[in-house]
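Let me begin by presenting the structure, written as structure tokens, before commenting on it.
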Amino acid sequence: MLKDEELDLLTGLLSEKYGYDFNNYARASLKRRVGRLMAIDRFPSFAELLHKVNHDAAYLPRMVQSLTVNVTEMFRDPSVFKTIRESVLPVLGTHPLIRIWHAGCSTGEEVYSMAILLEEANLLHRSLLYATDLNPMVIENIKKGIFPMSQMKVYSENYILSGGKKDFSRYYTAKYDWAKFDENLKSRMIVATHNLVSDRSFNEFQVIFCRNVLIYFDKTLQDHVLNLFDDSLEKLGFLVLGSKENLRFSSISKKYVQSDEKEKIWRKMK
Amino acid sequence: MAKNEMNGFKVVAIGGSAGSLETILAIVQGLPKSPGAAIIIIVHRKNDLESILANLLSFKTHLVVKEVEDKDPIYPDHIYIAPPDYHLLIEDEHSFSLDSSEKVQFSRPSIDVAFESVAEVFAGRAIGILLSGANSDGAKGLLKIRESGGYTIVQNPATADMGYMPQQAINLGAAQHVLDADALVATLNGLF
Ligand SMILES: C[S@@+](CC[C@H](N)C(=O)[O-])C[C@H]1O[C@@H](n2cnc3c(N)ncnc32)[C@H](O)[C@@H]1O
């Protein structure tokens with residue numbers, strides 16, 4: 001296992017040389033990521049990894065990709081999407097223009113899930129879904145709208161659990177091993193890189209999704225990012241976190257109420 | 001709780017898979033009123049069993065039973081359960097963190113991942129227990145606990161429901177003690 005000092009050297013280098021600030025990421029997880037990368041790319045020692053990062057800028061994308069965790073799925077935790085269908089969409093429907101931010105959306109499965117929900121509520125045409133992630137490689141996939149066919153069985157089950165009543169396969173065309181999703185779903189998506197550590201608030205939203213991203217941050221950075229969301233959320237807007245994440249350790253929690261006992265959805269009251 | 005009061009508490013990390021539930025219940029039921037240790041349980045289970053385990057355990061003990069959320073503090077005399085579909089990590093002596101990265105040994109949570117993290121942070125204050133199961137998760141992690149100066153117990157494969165998992169740990173040399181369920185409960189309680 002990597003030593004603390006080694007991790008500090010690496011994160012220091014990444015932020016000074018390339019502007020990627022991983023200094024306040026949760027260390028236990030980050031150490032595992034570095035260890036995993038060293039095993040896969042066969043670095044005999046930490047010194048050699050450091051040397052590579054220092055002298056080969058072309059290795060950076062690979063580094064960023066490996067340090068972050070991109071695991072995601074459509075309708076992940078279906079019950080959240082069910083609650084959104086039942087309790088959040090009716091509120092959104094009262095707005096002429098609906099702005100939603102998916103922060104740290106990885107390859108876009110969450111964004112497509114939300115687009116499907118909006119489409120079924122006949123709200124997609126007046127919504128904008130901002131899909132952002134720090135990793136430029138993953139967001140390319142959102143623009144393509146292509147996902148592995150092998151996942152469709154699970155996604156279709158998730159979709160049904162989320163309250164979906166249609167045949168899930170109507171949303172994509174199968175081509176060999178890939179499912180290409182309906183162009184209409186992405187017509188209202190705005191895809192961009194955005195780093196939650198260093199970039200600022202860029203709009204006001206009625207809903208912000210940030211699921212399974214905060215778990216990779218330490219408490220200080222979590223608080224920083226939650227304040228960024230607070231600045232970016234309209235009054236009475238909704239903040240949706242991952243199923244094991246919580247607002248309660250943060251300075252903004254006083255302004256929010258959890259809108260459902262079981263789901264990680266908070267509403268901004270002030 | 002004051003910081004110095006928390007210094008030095010032990011951590012018992014229990015890993016189990018198929019056939020381990022009964023032994024876990026027996027361990028929890030047999031715990032003293034105030035073991036002075038934090039108990040961390042990592043079991044493989046289906047997502048939909050979600051909170052059932054926490055519920056089941058809370059019927060058997062007066063200690064607080066909690067399914068871990070991200071950055072939850074670690075206190076002695078509490079029982080923590082790894083949530084389904086996340087790896088459980090120890091961020092530092094005082095808090096957990098979670099990670100939804102790739103499965104390890106076909107498992108998330110992986111016992112290996114949690115045990116390794118426990119070994120790294122708690123070293124000689126860690127007690128690792130590996131129970132019944134049908135895959136090889138946990139053996140490597142248990143070895144880490146042993147190598148870091150922790151105390152390790154493996155359920156006797158001959159009397160466990162599924163002997164495969166504990167046997168892997170024995171083969172790796174991770175087991176300091178190999179015990180039947182009853183003896184395991186008694187030995188553990190002798191360590192508090
Ligand atoms: C596990 S994925 C979560 C995907 C989706 N929200 C979900 O819950 O399924 C975490 C994502 O957070 C992104 N991420 C990590 N650090 C970030 C940062 N500082 N700013 C923006 N995104 C970040 C990663 O690139 C990764 O795609």
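Every chain in the structure tokens has a letter given in the order shown (A, B, ...), and although residue numbers restart at 1 in each chain, ligands are simply numbered from 1 in the order shown.
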At a cut-off of 10 Å, can you tabulate as JSON lines every residue of chain B near ligand 1 together with its closest atom pair and the distance in Å to one decimal, using only C-alpha atoms and all ligand atoms and ordering rows by chain then number?
{"residue": "B:Asp99", "atom": "CA", "partner": "ligand 1", "partner_atom_place_in_ligand_line": "1 (C)", "distance": 8.2}
{"residue": "B:Ser100", "atom": "CA", "partner": "ligand 1", "partner_atom_place_in_ligand_line": "1 (C)", "distance": 6.3}
{"residue": "B:Ser101", "atom": "CA", "partner": "ligand 1", "partner_atom_place_in_ligand_line": "1 (C)", "distance": 7.2}
Subject >> Secondary structure check, strand (DSSP E or B) residues of range 46-124 of chain B, as a list in words >> reply: Val64, Val65, Lys66, Glu67, Pro73, His78, Ile79, Tyr80, Ile81, His87, Leu88, Leu89, Ile90, Glu91, Asp92, Ser95, Phe96, Ser97, Leu98, Asp99, Val104 and Ser107 of chain B
Subject >> Spatial neighbours of Pro83 in chain B, max dist 12 Å, only C-alpha atoms, sep filter under 2 positions, as a PyMOL selection string >> reply: (chain A and resi 243-245) or (chain B and resi 40-54+66-70+80-81+85-89+96-100+108-110+114)
Original post:
What residues in range 11-241 of chain A get the DSSP label alpha helix (DSSP H)? Please answer as a count of residues only.
Top reply: 99
**OP:** Residues of chain A near chain B: apply a cut-off of 12 Å, count only C-alpha atoms, and supply the list as a PyMOL selection string.
**Re:** chain A and resi 1-4+25-33+36+66-73+76-79+211-220+222+241-250+262+264
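Using only C-alpha atoms, the shortest contact distance between Leu118 in chain A and any of A:Asn184, A:Met152, A:Lys143, A:Asn54 is found at A:Asn184.
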Subject >> Proximity to Leu185 in chain A - best of A:Gly164, A:Ile116, A:Ala121, A:Leu128, only C-alpha atoms >> reply: A:Ile116
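Using only C-alpha atoms, the nearest neighbour of Phe115 in chain B within the list B:Ala181, B:Leu130, B:Met162, B:Ile79 is B:Leu130.
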Original post:
Using only C-alpha atoms, which residues sit within 12 Å of Ile170 in chain B once same-chain residues fewer than 3 positions away are excluded, as a list of chain:residue names?
Top reply: B:Ile129, B:Leu130, B:Leu131, B:Ser136, B:Gly138, B:Ala139, B:Lys140, B:Leu142, B:Leu143, B:Arg146, B:Thr152, B:Ile153, B:Val154, B:Gln155, B:Asn156, B:Pro157, B:Gly163, B:Tyr164, B:Met165, B:Pro166, B:Gln167, B:Gly173, B:Ala174, B:Ala175, B:Gln176, B:His177, B:Val178, B:Leu179
Next, dump the selected residues to file, keeping only N, CA, C and O atoms, as an mmCIF file, in the first residue's frame.
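Below is the file that was written, out15.cif:
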data_model
loop_
_atom_site.group_PDB
_atom_site.id
_atom_site.type_symbol
_atom_site.label_atom_id
_atom_site.label_comp_id
_atom_site.auth_asym_id
_atom_site.auth_seq_id
_atom_site.Cartn_x
_atom_site.Cartn_y
_atom_site.Cartn_z
ATOM 1 N N ILE B 129 -11.702 -11.773 11.676
ATOM 2 C CA ILE B 129 -12.386 -13.067 11.765
ATOM 3 C C ILE B 129 -12.986 -13.398 10.404
ATOM 4 O O ILE B 129 -13.732 -12.593 9.838
ATOM 5 N N LEU B 130 -12.649 -14.558 9.875
ATOM 6 C CA LEU B 130 -13.209 -14.949 8.583
ATOM 7 C C LEU B 130 -14.077 -16.191 8.738
ATOM 8 O O LEU B 130 -13.639 -17.204 9.281
ATOM 9 N N LEU B 131 -15.308 -16.085 8.246
ATOM 10 C CA LEU B 131 -16.293 -17.145 8.469
ATOM 11 C C LEU B 131 -16.618 -17.904 7.184
ATOM 12 O O LEU B 131 -15.977 -17.719 6.155
ATOM 13 N N SER B 136 -13.252 -16.952 -2.621
ATOM 14 C CA SER B 136 -11.955 -16.777 -1.956
ATOM 15 C C SER B 136 -11.717 -15.364 -1.440
ATOM 16 O O SER B 136 -10.592 -14.983 -1.156
ATOM 17 N N GLY B 138 -11.424 -12.427 1.171
ATOM 18 C CA GLY B 138 -11.136 -12.356 2.599
ATOM 19 C C GLY B 138 -9.791 -12.925 3.016
ATOM 20 O O GLY B 138 -9.187 -12.450 3.977
ATOM 21 N N ALA B 139 -9.317 -13.945 2.295
ATOM 22 C CA ALA B 139 -8.081 -14.614 2.714
ATOM 23 C C ALA B 139 -6.882 -13.651 2.685
ATOM 24 O O ALA B 139 -6.140 -13.525 3.667
ATOM 25 N N LYS B 140 -6.742 -12.948 1.561
ATOM 26 C CA LYS B 140 -5.611 -12.015 1.430
ATOM 27 C C LYS B 140 -5.686 -10.908 2.458
ATOM 28 O O LYS B 140 -4.680 -10.511 3.039
ATOM 29 N N LEU B 142 -7.137 -10.992 5.329
ATOM 30 C CA LEU B 142 -6.875 -11.520 6.664
ATOM 31 C C LEU B 142 -5.366 -11.678 6.875
ATOM 32 O O LEU B 142 -4.842 -11.378 7.955
ATOM 33 N N LEU B 143 -4.693 -12.093 5.818
ATOM 34 C CA LEU B 143 -3.237 -12.220 5.899
ATOM 35 C C LEU B 143 -2.613 -10.856 6.216
ATOM 36 O O LEU B 143 -1.697 -10.748 7.038
ATOM 37 N N ARG B 146 -2.926 -10.134 9.795
ATOM 38 C CA ARG B 146 -1.953 -10.912 10.566
ATOM 39 C C ARG B 146 -0.557 -10.317 10.435
ATOM 40 O O ARG B 146 0.157 -10.129 11.426
ATOM 41 N N THR B 152 -5.812 -12.997 14.286
ATOM 42 C CA THR B 152 -6.740 -13.541 13.290
ATOM 43 C C THR B 152 -7.334 -14.885 13.693
ATOM 44 O O THR B 152 -6.660 -15.746 14.227
ATOM 45 N N ILE B 153 -8.623 -15.012 13.417
ATOM 46 C CA ILE B 153 -9.341 -16.251 13.703
ATOM 47 C C ILE B 153 -10.105 -16.674 12.447
ATOM 48 O O ILE B 153 -10.733 -15.839 11.781
ATOM 49 N N VAL B 154 -10.054 -17.950 12.138
ATOM 50 C CA VAL B 154 -10.790 -18.462 10.991
ATOM 51 C C VAL B 154 -11.737 -19.555 11.481
ATOM 52 O O VAL B 154 -11.373 -20.363 12.330
ATOM 53 N N GLN B 155 -12.936 -19.523 10.950
ATOM 54 C CA GLN B 155 -13.884 -20.571 11.340
ATOM 55 C C GLN B 155 -13.411 -21.912 10.773
ATOM 56 O O GLN B 155 -12.953 -21.993 9.631
ATOM 57 N N ASN B 156 -13.555 -22.946 11.567
ATOM 58 C CA ASN B 156 -13.123 -24.277 11.150
ATOM 59 C C ASN B 156 -13.861 -24.717 9.884
ATOM 60 O O ASN B 156 -15.086 -24.873 9.902
ATOM 61 N N PRO B 157 -13.142 -24.906 8.780
ATOM 62 C CA PRO B 157 -13.802 -25.265 7.514
ATOM 63 C C PRO B 157 -14.593 -26.564 7.635
ATOM 64 O O PRO B 157 -15.617 -26.734 6.953
ATOM 65 N N GLY B 163 -17.021 -24.490 3.728
ATOM 66 C CA GLY B 163 -15.644 -24.468 4.212
ATOM 67 C C GLY B 163 -14.650 -23.787 3.281
ATOM 68 O O GLY B 163 -13.524 -23.504 3.675
ATOM 69 N N TYR B 164 -15.075 -23.504 2.057
ATOM 70 C CA TYR B 164 -14.111 -23.052 1.054
ATOM 71 C C TYR B 164 -13.390 -21.763 1.452
ATOM 72 O O TYR B 164 -12.170 -21.674 1.414
ATOM 73 N N MET B 165 -14.151 -20.783 1.867
ATOM 74 C CA MET B 165 -13.564 -19.474 2.158
ATOM 75 C C MET B 165 -12.577 -19.529 3.331
ATOM 76 O O MET B 165 -11.439 -19.072 3.187
ATOM 77 N N PRO B 166 -12.985 -20.093 4.472
ATOM 78 C CA PRO B 166 -12.003 -20.199 5.562
ATOM 79 C C PRO B 166 -10.784 -21.041 5.166
ATOM 80 O O PRO B 166 -9.654 -20.728 5.559
ATOM 81 N N GLN B 167 -11.009 -22.077 4.343
ATOM 82 C CA GLN B 167 -9.877 -22.919 3.925
ATOM 83 C C GLN B 167 -8.845 -22.112 3.136
ATOM 84 O O GLN B 167 -7.637 -22.300 3.290
ATOM 85 N N GLY B 173 -1.946 -19.075 5.040
ATOM 86 C CA GLY B 173 -1.213 -18.828 6.283
ATOM 87 C C GLY B 173 -1.738 -17.619 7.039
ATOM 88 O O GLY B 173 -1.022 -17.002 7.825
ATOM 89 N N ALA B 174 -3.019 -17.280 6.782
ATOM 90 C CA ALA B 174 -3.574 -16.091 7.424
ATOM 91 C C ALA B 174 -4.181 -16.394 8.790
ATOM 92 O O ALA B 174 -4.468 -15.488 9.564
ATOM 93 N N ALA B 175 -4.386 -17.673 9.091
ATOM 94 C CA ALA B 175 -5.133 -18.036 10.297
ATOM 95 C C ALA B 175 -4.204 -18.279 11.477
ATOM 96 O O ALA B 175 -3.381 -19.177 11.456
ATOM 97 N N GLN B 176 -4.385 -17.471 12.499
ATOM 98 C CA GLN B 176 -3.648 -17.709 13.735
ATOM 99 C C GLN B 176 -4.350 -18.789 14.546
ATOM 100 O O GLN B 176 -3.724 -19.580 15.211
ATOM 101 N N HIS B 177 -5.679 -18.769 14.478
ATOM 102 C CA HIS B 177 -6.485 -19.752 15.193
ATOM 103 C C HIS B 177 -7.577 -20.261 14.271
ATOM 104 O O HIS B 177 -8.174 -19.483 13.548
ATOM 105 N N VAL B 178 -7.822 -21.553 14.313
ATOM 106 C CA VAL B 178 -8.912 -22.145 13.545
ATOM 107 C C VAL B 178 -9.886 -22.741 14.552
ATOM 108 O O VAL B 178 -9.515 -23.630 15.321
ATOM 109 N N LEU B 179 -11.109 -22.215 14.584
ATOM 110 C CA LEU B 179 -12.024 -22.581 15.674
ATOM 111 C C LEU B 179 -13.429 -22.864 15.191
ATOM 112 O O LEU B 179 -13.909 -22.259 14.229
#
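The closest residue to Gly12 in chain A, picked from A:Ser259, A:Leu50, A:Trp101, A:Ile252 and counting only C-alpha atoms, is A:Leu50.
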**OP:** For range 103-109 of chain A, please output as a VMD selection string all residues within 10 Å (counting only C-alpha atoms; exclusion window: fewer than 6 positions along the same chain).
**Re:** chain A and resid 68 to 76 115 130 to 147 155 191 193 to 196 208 to 214 229
